[in-house]
$ cat data-v5.txt   # compact mmCIF, C-alpha atoms
# COMPACT_ATOMS: atom_id res chain seq x y z
CA GLN A 1 67.09 -80.10 -34.05
CA GLN A 2 68.48 -82.97 -32.02
CA GLN A 3 67.57 -82.05 -28.47
CA VAL A 4 68.92 -85.22 -26.85
CA LYS A 5 72.27 -86.59 -27.95
CA GLN A 6 73.30 -90.10 -26.94
CA SER A 7 76.63 -91.89 -27.03
CA PRO A 8 78.10 -94.30 -27.82
CA GLN A 9 76.13 -95.65 -30.75
CA SER A 10 77.22 -99.18 -29.87
CA LEU A 11 78.92 -100.76 -26.90
CA ILE A 12 80.44 -104.17 -26.28
CA VAL A 13 81.04 -105.26 -22.68
CA GLN A 14 82.17 -108.48 -21.10
CA LYS A 15 79.88 -110.30 -18.69
CA GLY A 16 80.26 -108.82 -15.23
CA GLY A 17 81.54 -105.50 -16.52
CA ILE A 18 80.04 -102.04 -16.24
CA SER A 19 78.12 -100.57 -19.17
CA ILE A 20 77.99 -96.77 -19.34
CA ILE A 21 75.80 -94.82 -21.74
CA ASN A 22 75.76 -91.04 -21.84
CA CYS A 23 73.20 -88.45 -22.88
CA ALA A 24 73.22 -84.68 -23.18
CA TYR A 25 70.22 -82.44 -23.56
CA GLU A 26 69.72 -78.87 -24.69
CA ASN A 27 66.32 -77.82 -23.40
CA THR A 28 66.63 -76.63 -19.80
CA ALA A 29 62.86 -76.94 -19.42
CA PHE A 30 63.11 -80.74 -19.48
CA ASP A 31 62.28 -82.11 -16.03
CA TYR A 32 61.89 -85.86 -16.49
CA PHE A 33 64.62 -88.15 -17.79
CA PRO A 34 63.78 -91.83 -18.36
CA TRP A 35 65.82 -94.64 -19.84
CA TYR A 36 64.16 -97.26 -22.02
CA GLN A 37 65.31 -100.75 -23.00
CA GLN A 38 64.23 -102.19 -26.33
CA PHE A 39 64.64 -105.75 -27.56
CA PRO A 40 64.29 -106.58 -31.27
CA GLY A 41 60.66 -106.67 -32.34
CA LYS A 42 59.46 -105.21 -29.05
CA GLY A 43 58.41 -101.77 -27.91
CA PRO A 44 60.58 -99.75 -25.54
CA ALA A 45 60.19 -100.63 -21.86
CA LEU A 46 60.89 -98.18 -19.06
CA LEU A 47 63.97 -99.13 -17.04
CA ILE A 48 64.52 -96.25 -14.66
CA ALA A 49 63.82 -92.52 -14.57
CA ILE A 50 65.08 -89.47 -12.72
CA ARG A 51 63.98 -85.93 -12.05
CA PRO A 52 66.47 -83.05 -11.74
CA ASP A 53 66.06 -82.59 -8.01
CA VAL A 54 68.35 -85.57 -7.37
CA SER A 55 71.81 -86.35 -8.74
CA GLU A 56 71.61 -90.13 -8.67
CA LYS A 57 69.02 -92.87 -8.62
CA LYS A 58 69.71 -96.57 -8.25
CA GLU A 59 67.42 -99.50 -8.92
CA GLY A 60 69.08 -102.87 -8.68
CA ARG A 61 71.97 -103.03 -11.15
CA PHE A 62 70.84 -99.84 -12.92
CA THR A 63 71.93 -96.35 -11.85
CA ILE A 64 71.22 -92.96 -13.38
CA SER A 65 73.68 -90.17 -12.69
CA PHE A 66 72.39 -86.66 -13.40
CA ASN A 67 74.41 -83.45 -13.78
CA LYS A 68 72.02 -80.53 -14.10
CA SER A 69 74.67 -77.85 -14.64
CA ALA A 70 76.26 -79.82 -17.47
CA LYS A 71 72.87 -80.89 -18.87
CA GLN A 72 74.05 -84.48 -18.95
CA PHE A 73 72.85 -87.77 -17.57
CA SER A 74 74.11 -91.30 -17.83
CA LEU A 75 73.03 -94.89 -17.32
CA HIS A 76 75.33 -97.33 -15.55
CA ILE A 77 74.61 -101.05 -15.72
CA MET A 78 76.61 -102.89 -13.08
CA ASP A 79 77.51 -106.57 -13.40
CA SER A 80 76.32 -106.57 -17.02
CA GLN A 81 74.73 -109.84 -18.20
CA PRO A 82 74.17 -111.29 -21.68
CA GLY A 83 70.43 -110.81 -21.10
CA ASP A 84 71.07 -107.06 -20.92
CA SER A 85 71.99 -107.09 -24.61
CA ALA A 86 69.48 -104.71 -26.16
CA THR A 87 69.15 -101.16 -27.46
CA TYR A 88 68.96 -98.48 -24.80
CA PHE A 89 67.37 -95.08 -25.30
CA CYS A 90 67.58 -92.06 -23.09
CA ALA A 91 64.71 -89.61 -23.27
CA ALA A 92 63.57 -86.32 -21.82
CA SER A 93 60.32 -84.48 -21.42
CA LYS A 94 58.58 -81.57 -19.79
CA GLU A 95 55.92 -83.03 -17.56
CA THR A 96 53.70 -80.02 -17.92
CA SER A 97 53.64 -80.27 -21.71
CA GLY A 98 51.55 -83.38 -22.06
CA SER A 99 54.45 -85.72 -21.72
CA ARG A 100 55.87 -85.98 -25.21
CA LEU A 101 59.19 -87.77 -24.94
CA THR A 102 62.23 -86.68 -26.91
CA PHE A 103 64.46 -89.72 -27.43
CA GLY A 104 68.17 -90.05 -28.05
CA GLU A 105 69.46 -92.01 -31.02
CA GLY A 106 69.96 -95.22 -29.07
CA THR A 107 72.89 -97.39 -27.96
CA GLN A 108 73.13 -101.00 -29.02
CA LEU A 109 74.63 -102.89 -26.08
CA THR A 110 76.16 -106.33 -26.50
CA VAL A 111 77.27 -108.21 -23.42
CA ASN A 112 79.55 -111.09 -24.27
CA PRO A 113 79.42 -114.22 -22.09
CA GLY B 114 44.22 -106.32 -21.47
CA ALA B 115 47.58 -106.78 -19.84
CA GLY B 116 49.42 -104.33 -22.05
CA VAL B 117 49.18 -101.97 -25.00
CA SER B 118 48.08 -103.93 -28.04
CA GLN B 119 48.75 -102.84 -31.60
CA SER B 120 47.51 -104.32 -34.84
CA PRO B 121 48.50 -105.36 -37.34
CA ARG B 122 52.05 -106.27 -36.29
CA TYR B 123 53.23 -106.01 -39.88
CA LYS B 124 51.76 -104.15 -42.83
CA VAL B 125 53.04 -104.03 -46.39
CA ALA B 126 51.44 -101.31 -48.48
CA LYS B 127 51.90 -100.33 -52.08
CA ARG B 128 52.89 -96.73 -52.60
CA GLY B 129 49.78 -94.61 -52.76
CA GLN B 130 47.67 -96.98 -50.67
CA ASP B 131 45.90 -95.82 -47.51
CA VAL B 132 46.62 -97.68 -44.25
CA ALA B 133 45.06 -97.72 -40.78
CA LEU B 134 46.96 -98.77 -37.68
CA ARG B 135 45.15 -99.64 -34.48
CA CYS B 136 46.13 -99.17 -30.84
CA ASP B 137 44.34 -100.62 -27.82
CA PRO B 138 45.77 -98.89 -24.74
CA ILE B 139 45.80 -100.28 -21.24
CA SER B 140 42.31 -100.04 -19.78
CA GLY B 141 41.79 -96.82 -17.86
CA HIS B 142 44.81 -95.05 -19.28
CA VAL B 143 43.98 -91.44 -19.97
CA SER B 144 46.93 -90.50 -22.16
CA LEU B 145 47.78 -92.07 -25.49
CA PHE B 146 50.76 -91.30 -27.70
CA TRP B 147 51.86 -92.27 -31.18
CA TYR B 148 55.54 -92.38 -32.12
CA GLN B 149 57.35 -93.20 -35.35
CA GLN B 150 60.59 -95.18 -35.17
CA ALA B 151 62.76 -95.35 -38.25
CA LEU B 152 65.24 -98.21 -38.53
CA GLY B 153 68.15 -97.71 -36.15
CA GLN B 154 66.72 -94.52 -34.67
CA GLY B 155 64.94 -93.47 -31.52
CA PRO B 156 61.17 -93.04 -31.54
CA GLU B 157 59.90 -89.65 -32.66
CA PHE B 158 56.71 -88.12 -31.31
CA LEU B 159 53.74 -87.89 -33.63
CA THR B 160 50.66 -87.03 -31.60
CA TYR B 161 49.10 -87.10 -28.12
CA PHE B 162 45.57 -87.68 -26.84
CA GLN B 163 44.14 -87.02 -23.43
CA ASN B 164 40.97 -89.10 -23.40
CA GLU B 165 39.31 -88.31 -26.75
CA ALA B 166 40.92 -84.91 -27.15
CA GLN B 167 43.92 -84.64 -29.46
CA LEU B 168 45.98 -82.10 -27.54
CA ASP B 169 49.16 -82.16 -29.60
CA LYS B 170 49.58 -83.19 -33.21
CA SER B 171 52.69 -81.15 -33.89
CA GLY B 172 54.76 -84.23 -34.72
CA LEU B 173 52.62 -85.45 -37.60
CA PRO B 174 54.93 -85.14 -40.63
CA SER B 175 52.30 -84.18 -43.18
CA ASP B 176 48.59 -83.79 -43.73
CA ARG B 177 48.56 -87.37 -44.99
CA PHE B 178 48.77 -88.47 -41.37
CA PHE B 179 45.65 -88.44 -39.26
CA ALA B 180 44.91 -89.88 -35.81
CA GLU B 181 41.72 -90.27 -33.85
CA ARG B 182 40.51 -91.62 -30.52
CA PRO B 183 36.76 -91.04 -30.69
CA GLU B 184 35.69 -92.70 -27.45
CA GLY B 185 38.83 -92.09 -25.43
CA SER B 186 40.10 -95.65 -25.61
CA VAL B 187 41.09 -97.29 -28.93
CA SER B 188 43.03 -95.07 -31.30
CA THR B 189 43.66 -95.32 -35.02
CA LEU B 190 46.53 -93.77 -36.94
CA LYS B 191 45.70 -93.37 -40.61
CA ILE B 192 48.18 -92.65 -43.34
CA GLN B 193 46.83 -91.65 -46.71
CA ARG B 194 48.64 -92.10 -50.03
CA THR B 195 51.59 -93.85 -48.40
CA GLN B 196 55.09 -93.00 -49.56
CA GLN B 197 58.31 -94.98 -49.18
CA GLU B 198 59.56 -92.57 -46.53
CA ASP B 199 56.60 -93.60 -44.35
CA SER B 200 58.22 -97.02 -43.86
CA ALA B 201 58.90 -97.31 -40.13
CA VAL B 202 57.67 -98.90 -36.93
CA TYR B 203 54.71 -97.03 -35.49
CA LEU B 204 54.58 -97.26 -31.71
CA CYS B 205 51.65 -96.53 -29.45
CA ALA B 206 52.08 -95.78 -25.75
CA SER B 207 49.64 -95.07 -22.96
CA SER B 208 49.93 -93.76 -19.43
CA PHE B 209 47.58 -93.52 -16.52
CA ARG B 210 47.68 -89.88 -15.56
CA GLU B 211 47.20 -86.79 -17.64
CA ARG B 212 50.84 -85.95 -17.13
CA LEU B 213 53.74 -88.25 -17.67
CA THR B 214 54.25 -91.06 -15.27
CA GLU B 215 55.25 -94.31 -16.84
CA ALA B 216 54.45 -94.63 -20.52
CA PHE B 217 53.81 -98.23 -21.55
CA PHE B 218 54.62 -98.99 -25.17
CA GLY B 219 53.05 -101.54 -27.47
CA GLN B 220 55.12 -103.77 -29.72
CA GLY B 221 54.50 -101.53 -32.68
CA THR B 222 53.33 -101.95 -36.24
CA ARG B 223 56.07 -102.31 -38.83
CA LEU B 224 54.92 -100.56 -42.00
CA THR B 225 56.76 -101.25 -45.22
CA VAL B 226 55.78 -99.23 -48.28
CA VAL B 227 56.84 -100.81 -51.56
$ encode --input "data-v5.txt" --output "structure tokens"
Amino acid sequence: QQQVKQSPQSLIVQKGGISIINCAYENTAFDYFPWYQQFPGKGPALLIAIRPDVSEKKEGRFTISFNKSAKQFSLHIMDSQPGDSATYFCAASKETSGSRLTFGEGTQLTVNP
Amino acid sequence: GAGVSQSPRYKVAKRGQDVALRCDPISGHVSLFWYQQALGQGPEFLTYFQNEAQLDKSGLPSDRFFAERPEGSVSTLKIQRTQQEDSAVYLCASSFRERLTEAFFGQGTRLTVV
């Protein structure tokens, strides 16, 4: 059962553009929603995370938008740079469950110079 | 150490061979997780330790997979009688508190079963 669905599978954006990646979840018990960035040969690194008591969180060029009623959340990367080219994963967990993360399938982002 | 360290980085095993993958978490981190990442996929949960106690092993795909963390720091993931479908990157992550805060991932061990 795929509890977190992510789209698109791949995304190509021009330098300076906005990258948008979307995720939808099924389990309403999820209460922690992080985004991870992964470069080839490296482990995932936490970018930004949100909890369902807020609808938006911004850190630098990265913003999470969260829609609890629709069970959807998205990552927006403003002013995308070639160095942002990586695979991005959304994830979800129930903090009270010992923190196992359920990941989406990933989005391969390419930012062209 | 500065981060989560995993060894070896790469492992090639013949089908049927046993392998052991090591994870050194960040010092003082209570929680330790193992994930399996197939090529082109997101990581999938395998097992979770809080100190030396294995609190959740529901993600282990078969009884050929075994994990331990005997002293609450270093952990070993052992796979017995490896099969081709075990080929994947095995990721270890640790976090400071018993519940999820920020999970720091290691670089992973890429296991190839031939």
$ interface_residues --input "data-v5.txt" --of "chain B" --to "chain A" --cutoff "9 Å" --atoms "all atoms listed in the file" --output "ChimeraX atom specification"
/B:144,146,153-163,168-169,204-206,211-221
$ closest_residue --input "data-v5.txt" --among "B:Thr195, B:Gln150, B:Gln130, B:Ser140" --to "Ser118 in chain B" --atoms "only C-alpha atoms"
B:Ser140
$ residues_around --input "data-v5.txt" --residues "range 179-193 of chain B" --least-positions-apart "5" --cutoff "7 Å" --atoms "all atoms listed in the file" --output "list in words"
Gln130, Asp131, Val132, Ala133, Leu134, Arg135, Cys136, Asp137, Pro138, Asn164 and Glu165 of chain B
$ closest_residue --input "data-v5.txt" --among "A:Gln3, A:Gln14, A:Thr110, A:Thr63" --to "Asn27 in chain A" --atoms "all atoms listed in the file"
A:Gln3
$ closest_residue --input "data-v5.txt" --among "B:Arg128, B:Ala166, B:Val226, B:Gln196" --to "Phe178 in chain B" --atoms "all atoms listed in the file"
B:Gln196
$ atom_distance --input "data-v5.txt" --atom1 "CA of Gln197 in chain B" --atom2 "CA of Ser7 in chain A"
28.9 Å
$ closest_residue --input "data-v5.txt" --among "A:Ile20, A:Ala86, A:Ala70, A:Leu109" --to "Gln37 in chain A" --atoms "all atoms listed in the file"
A:Ala86
$ residues_around --input "data-v5.txt" --residues "Gly60 in chain A" --least-positions-apart "6" --cutoff "12 Å" --atoms "all atoms listed in the file" --output "list in words"
Leu47, Ile48, His76, Ile77, Met78, Asp79 and Ser80 of chain A
$ residues_around --input "data-v5.txt" --residues "Pro82 in chain A" --least-positions-apart "3" --cutoff "8 Å" --atoms "all atoms listed in the file" --output "ChimeraX atom specification"
/A:15,85,110-113
$ atom_distance --input "data-v5.txt" --atom1 "CA of Ile139 in chain B" --atom2 "CA of Ser207 in chain B"
6.7 Å
$ atom_distance --input "data-v5.txt" --atom1 "CA of Ile50 in chain A" --atom2 "CA of Ser208 in chain B"
17.1 Å
$ closest_residue --input "data-v5.txt" --among "A:Val54, A:Cys23, A:Ala92, A:Ala29" --to "Leu75 in chain A" --atoms "all atoms listed in the file"
A:Cys23
$ decode --input "data-v5.txt" --residues "chain B" --atoms "C-alpha atoms" --output "mmCIF file, in the first residue's frame"
data_model
loop_
_atom_site.group_PDB
_atom_site.id
_atom_site.type_symbol
_atom_site.label_atom_id
_atom_site.label_comp_id
_atom_site.auth_asym_id
_atom_site.auth_seq_id
_atom_site.Cartn_x
_atom_site.Cartn_y
_atom_site.Cartn_z
ATOM 1 C CA GLY B 114 31.933 11.559 14.676
ATOM 2 C CA ALA B 115 30.464 14.369 12.650
ATOM 3 C CA GLY B 116 27.768 12.291 11.008
ATOM 4 C CA VAL B 117 26.279 8.838 10.606
ATOM 5 C CA SER B 118 28.928 6.506 9.265
ATOM 6 C CA GLN B 119 28.176 3.310 7.380
ATOM 7 C CA SER B 120 30.515 0.592 6.234
ATOM 8 C CA PRO B 121 31.296 -0.827 3.842
ATOM 9 C CA ARG B 122 30.194 1.718 1.222
ATOM 10 C CA TYR B 123 29.907 -1.022 -1.380
ATOM 11 C CA LYS B 124 29.444 -4.760 -0.993
ATOM 12 C CA VAL B 125 29.226 -7.389 -3.706
ATOM 13 C CA ALA B 126 27.959 -10.730 -2.472
ATOM 14 C CA LYS B 127 27.408 -14.006 -4.246
ATOM 15 C CA ARG B 128 23.893 -15.350 -3.970
ATOM 16 C CA GLY B 129 23.606 -17.387 -0.807
ATOM 17 C CA GLN B 130 26.378 -15.542 1.015
ATOM 18 C CA ASP B 131 25.790 -13.884 4.389
ATOM 19 C CA VAL B 132 26.579 -10.165 4.747
ATOM 20 C CA ALA B 133 26.879 -7.745 7.669
ATOM 21 C CA LEU B 134 26.413 -4.008 7.300
ATOM 22 C CA ARG B 135 27.589 -1.622 9.990
ATOM 23 C CA CYS B 136 26.183 1.696 11.174
ATOM 24 C CA ASP B 137 27.875 4.148 13.539
ATOM 25 C CA PRO B 138 25.245 6.711 14.558
ATOM 26 C CA ILE B 139 25.931 10.218 15.744
ATOM 27 C CA SER B 140 27.213 10.086 19.310
ATOM 28 C CA GLY B 141 24.418 10.413 21.841
ATOM 29 C CA HIS B 142 21.622 9.693 19.404
ATOM 30 C CA VAL B 143 19.018 7.517 21.039
ATOM 31 C CA SER B 144 17.087 6.403 17.978
ATOM 32 C CA LEU B 145 18.496 4.404 15.093
ATOM 33 C CA PHE B 146 16.697 3.341 11.934
ATOM 34 C CA TRP B 147 17.494 1.100 8.997
ATOM 35 C CA TYR B 148 15.932 1.703 5.587
ATOM 36 C CA GLN B 149 16.222 -0.118 2.270
ATOM 37 C CA GLN B 150 16.322 1.944 -0.929
ATOM 38 C CA ALA B 151 15.843 0.160 -4.218
ATOM 39 C CA LEU B 152 17.141 1.842 -7.364
ATOM 40 C CA GLY B 153 14.959 4.792 -8.316
ATOM 41 C CA GLN B 154 12.691 4.405 -5.290
ATOM 42 C CA GLY B 155 12.204 6.085 -1.951
ATOM 43 C CA PRO B 156 13.670 4.519 1.181
ATOM 44 C CA GLU B 157 11.531 1.891 2.874
ATOM 45 C CA PHE B 158 11.571 1.330 6.616
ATOM 46 C CA LEU B 159 13.156 -1.852 7.907
ATOM 47 C CA THR B 160 13.621 -1.550 11.657
ATOM 48 C CA TYR B 161 13.945 0.888 14.577
ATOM 49 C CA PHE B 162 15.983 0.876 17.782
ATOM 50 C CA GLN B 163 15.627 3.051 20.825
ATOM 51 C CA ASN B 164 18.962 2.627 22.586
ATOM 52 C CA GLU B 165 19.567 -1.140 22.540
ATOM 53 C CA ALA B 166 15.905 -2.087 22.315
ATOM 54 C CA GLN B 167 14.541 -3.050 18.911
ATOM 55 C CA LEU B 168 11.081 -1.536 19.149
ATOM 56 C CA ASP B 169 9.879 -2.100 15.606
ATOM 57 C CA LYS B 170 11.069 -4.681 13.122
ATOM 58 C CA SER B 171 7.902 -4.833 11.080
ATOM 59 C CA GLY B 172 9.658 -3.693 7.907
ATOM 60 C CA LEU B 173 12.171 -6.536 7.734
ATOM 61 C CA PRO B 174 11.213 -8.391 4.537
ATOM 62 C CA SER B 175 12.024 -11.899 5.714
ATOM 63 C CA ASP B 176 13.573 -13.879 8.525
ATOM 64 C CA ARG B 177 16.851 -13.718 6.615
ATOM 65 C CA PHE B 178 17.179 -10.136 7.823
ATOM 66 C CA PHE B 179 18.380 -9.493 11.342
ATOM 67 C CA ALA B 180 19.481 -6.291 13.091
ATOM 68 C CA GLU B 181 21.089 -5.654 16.435
ATOM 69 C CA ARG B 182 22.373 -2.769 18.531
ATOM 70 C CA PRO B 183 23.718 -4.511 21.624
ATOM 71 C CA GLU B 184 25.207 -1.534 23.456
ATOM 72 C CA GLY B 185 22.873 1.145 22.191
ATOM 73 C CA SER B 186 25.344 2.717 19.790
ATOM 74 C CA VAL B 187 26.746 0.805 16.787
ATOM 75 C CA SER B 188 24.229 -1.289 14.889
ATOM 76 C CA THR B 189 24.664 -4.166 12.477
ATOM 77 C CA LEU B 190 22.205 -5.295 9.830
ATOM 78 C CA LYS B 191 22.795 -8.896 8.836
ATOM 79 C CA ILE B 192 21.352 -10.579 5.789
ATOM 80 C CA GLN B 193 21.632 -14.327 5.577
ATOM 81 C CA ARG B 194 21.614 -16.348 2.349
ATOM 82 C CA THR B 195 21.450 -13.235 0.177
ATOM 83 C CA GLN B 196 19.173 -13.232 -2.850
ATOM 84 C CA GLN B 197 19.264 -11.019 -5.933
ATOM 85 C CA GLU B 198 16.194 -9.124 -4.738
ATOM 86 C CA ASP B 199 18.217 -7.990 -1.707
ATOM 87 C CA SER B 200 20.304 -5.761 -3.994
ATOM 88 C CA ALA B 201 19.681 -2.202 -2.808
ATOM 89 C CA VAL B 202 21.196 0.654 -0.841
ATOM 90 C CA TYR B 203 20.828 0.134 2.889
ATOM 91 C CA LEU B 204 20.548 3.418 4.763
ATOM 92 C CA CYS B 205 21.023 4.013 8.452
ATOM 93 C CA ALA B 206 19.638 7.084 10.204
ATOM 94 C CA SER B 207 19.811 8.331 13.765
ATOM 95 C CA SER B 208 18.041 11.008 15.754
ATOM 96 C CA PHE B 209 18.563 12.553 19.130
ATOM 97 C CA ARG B 210 15.243 12.133 20.853
ATOM 98 C CA GLU B 211 13.106 9.081 21.338
ATOM 99 C CA ARG B 212 10.536 10.573 19.017
ATOM 100 C CA LEU B 213 11.184 11.991 15.617
ATOM 101 C CA THR B 214 13.015 15.234 15.363
ATOM 102 C CA GLU B 215 15.555 15.402 12.614
ATOM 103 C CA ALA B 216 16.745 12.054 11.321
ATOM 104 C CA PHE B 217 20.305 12.196 10.006
ATOM 105 C CA PHE B 218 21.084 9.657 7.312
ATOM 106 C CA GLY B 219 24.369 7.995 6.495
ATOM 107 C CA GLN B 220 25.612 7.616 2.932
ATOM 108 C CA GLY B 221 24.398 4.060 2.787
ATOM 109 C CA THR B 222 25.842 0.709 1.812
ATOM 110 C CA ARG B 223 25.183 -0.369 -1.759
ATOM 111 C CA LEU B 224 24.693 -4.134 -1.769
ATOM 112 C CA THR B 225 24.849 -5.982 -5.054
ATOM 113 C CA VAL B 226 24.019 -9.683 -5.045
ATOM 114 C CA VAL B 227 25.341 -11.554 -8.073
#
